[in-house]
Amino acid sequence: MEYELSFSATDLAQTRFAVSPMWEVVTSFRLLREESDPPLHRRWARQVRPRLLAAGLDRGWLAALIPGTGYLADFLNPTPAGPFGELPAELAAIRRSPAAQVHADLDVLAAKTPCPAPRLRLLREEPEAALEKVTAEIETYWDLALGPYWPRIRQLLEADVFHRARQVAEHGSAYVLNELHETVSWDAGTLRMVRRQCSMNRADTGAGLLLVPSAFAWPRVLTRSVAPEPPQLAYPARGIGTLWEPRATKATDAVAAVLGRSRTLLLAELDTPSSTTQLARHSGLSTAAVSQHLTALRDAGLVTAHRAGRSVLYARTAIADALLTPVGAGTP
């Protein structure tokens with residue numbers, strides 16, 4: 001099936017790119033619902049799935065709102081205000097979702113799910129109170145599944161935006177729209193999308209187009225059409241195949257001369273987000289020493305801390321990744 005989205009000069013002028021944390025929430029959660037590990041994200045999925053199961057998120061609000069295939073509730077993907085969206089702002093927009101929009105989304109979900117989950121009935125009856133619960137669960141999911149990895153994911157998404165912005169400057173918007181995905185093409189003022197499950201046309205949406213790179217959308221594109229907001233098209237970002245490759249390199253010797261060998265060792269171990277106990281076990285340092293070093297590294301902006309249930313996971317920042325990359329070497 002093919003859908004067409006027509007463009008006026010105004011629509012083309014209002015076409016822009018944006019990074020959206022909520023698109024990463026819904027696409028990554030859907031990937032984790034698959035029985036097998038997703039090939040491009042196997043390393044990440046094997047770390048994250050046990051945390052989600054322990055927290056019961058496999059049977060919570062997100063599980064009710066994000067089916068394994070097909071339609072995604074539109075209110076979960078509000079329009080980012082700027083080019084680089086932040087999760088708190090998007091969660092606030094979800095909490096402000098009009099009851100009419102929530103009901104319309106639930107109607108679509110109900111048409112595809114004969115026996116809607118009890119949570120969805122509560123969402124229909126008391127949307128304001130239920131949306132507070134939905135966003136609270138999203139925050140928990142973020143802390144467990146995406147927060148520890150966000151610097152790496154965001155770096156990938158921002159690189160895609162900058163690359164395509166440069167392409168627009170060099171070749172024009174039509175070239176970029178034709179390069180987004182094999183199912184998307186541009187011709188004579190019209191964007192054509194094949195194999196789409198949801199319609200997308202100007203009659204049902206606002207002006208312009210919001211293009212959202214995603215680390216987890218592959219191998220498909222996803223859309224959102226809610227008038228009067230601009231339509232959204234989430235597409236696979238460039239470089240996904242290298243997203244989870246180890247980043248630590250032989251540059252650790254040079255970094256150790258500045259930070260000290262123990263702190264550099266901990267940074268190298270944090271290629272995978274880990275707790276203080278895990279780092280102590282892998283590094284041979286005492287738990288107290290690891291905690292002291294992590295505090296210093298966090299104060300210096302080299303690691304971040306994310307609560308995951310009863311544990312705290314530490315992760316390297318993009319600055320730390322750059323420190324561990326030899327001069328002249330490219331980032332994945």
# chains A, B, ... in the order shown; residues from 1 in each chain; ligands from 1
$ residues_around --residues "region 142-149 of chain A" --least-positions-apart "6" --cutoff "7 Å" --atoms "only C-alpha atoms" --output "ChimeraX atom specification"
/A:48,51,273,306-308,313-315
$ residues_around --residues "region 104-106 of chain A" --least-positions-apart "5" --cutoff "9 Å" --atoms "only C-alpha atoms" --output "list in words"
Leu65, Leu72, Ala73, Asp74, Phe75, Ala99, Ala111, Leu120, Arg121, Leu123 and Arg124 of chain A
$ write_last_selection --atoms "C-alpha atoms" --output "CSV table (one decimal), in the first residue's frame"
chain,number,residue,atom,x,y,z
A,65,LEU,CA,0.2,1.0,24.8
A,72,LEU,CA,1.5,3.3,18.3
A,73,ALA,CA,-0.5,5.7,20.4
A,74,ASP,CA,0.1,9.2,18.9
A,75,PHE,CA,0.0,11.0,22.3
A,99,ALA,CA,-8.7,13.7,26.6
A,111,ALA,CA,-9.9,-1.9,16.9
A,120,LEU,CA,-6.4,1.1,28.9
A,121,ARG,CA,-9.9,1.2,30.3
A,123,LEU,CA,-6.8,5.6,30.8
A,124,ARG,CA,-10.1,6.1,28.9
$ closest_residue --among "A:Gly189, A:Glu229, A:Val184, A:Arg202" --to "Ala81 (chain A)" --atoms "only C-alpha atoms"
A:Glu229
$ residues_around --residues "Asp11 (chain A)" --least-positions-apart "6" --cutoff "9 Å" --atoms "only C-alpha atoms" --output "PDB file with N, CA, C and O atoms, in the first residue's frame"
ATOM      1  N   GLY A 206      -0.908  18.794  10.035  1.00  0.00           N
ATOM      2  CA  GLY A 206      -0.562  20.198   9.889  1.00  0.00           C
ATOM      3  C   GLY A 206       0.460  20.438   8.795  1.00  0.00           C
ATOM      4  O   GLY A 206       0.773  19.550   8.002  1.00  0.00           O
ATOM      5  N   ALA A 207       1.001  21.653   8.790  1.00  0.00           N
ATOM      6  CA  ALA A 207       1.957  22.047   7.752  1.00  0.00           C
ATOM      7  C   ALA A 207       3.356  21.524   8.074  1.00  0.00           C
ATOM      8  O   ALA A 207       3.685  21.206   9.218  1.00  0.00           O
ATOM      9  N   GLY A 208       4.188  21.459   7.028  1.00  0.00           N
ATOM     10  CA  GLY A 208       5.575  21.068   7.207  1.00  0.00           C
ATOM     11  C   GLY A 208       5.770  19.576   7.364  1.00  0.00           C
ATOM     12  O   GLY A 208       4.880  18.760   7.072  1.00  0.00           O
ATOM     13  N   LEU A 209       6.918  19.192   7.889  1.00  0.00           N
ATOM     14  CA  LEU A 209       7.252  17.786   8.160  1.00  0.00           C
ATOM     15  C   LEU A 209       8.368  17.759   9.181  1.00  0.00           C
ATOM     16  O   LEU A 209       9.343  18.507   9.069  1.00  0.00           O
TER      17      LEU A 209
END
$ closest_residue --among "A:Ala322, A:Leu87, A:Leu131, A:Ala188" --to "Met22 (chain A)" --atoms "only C-alpha atoms"
A:Leu87
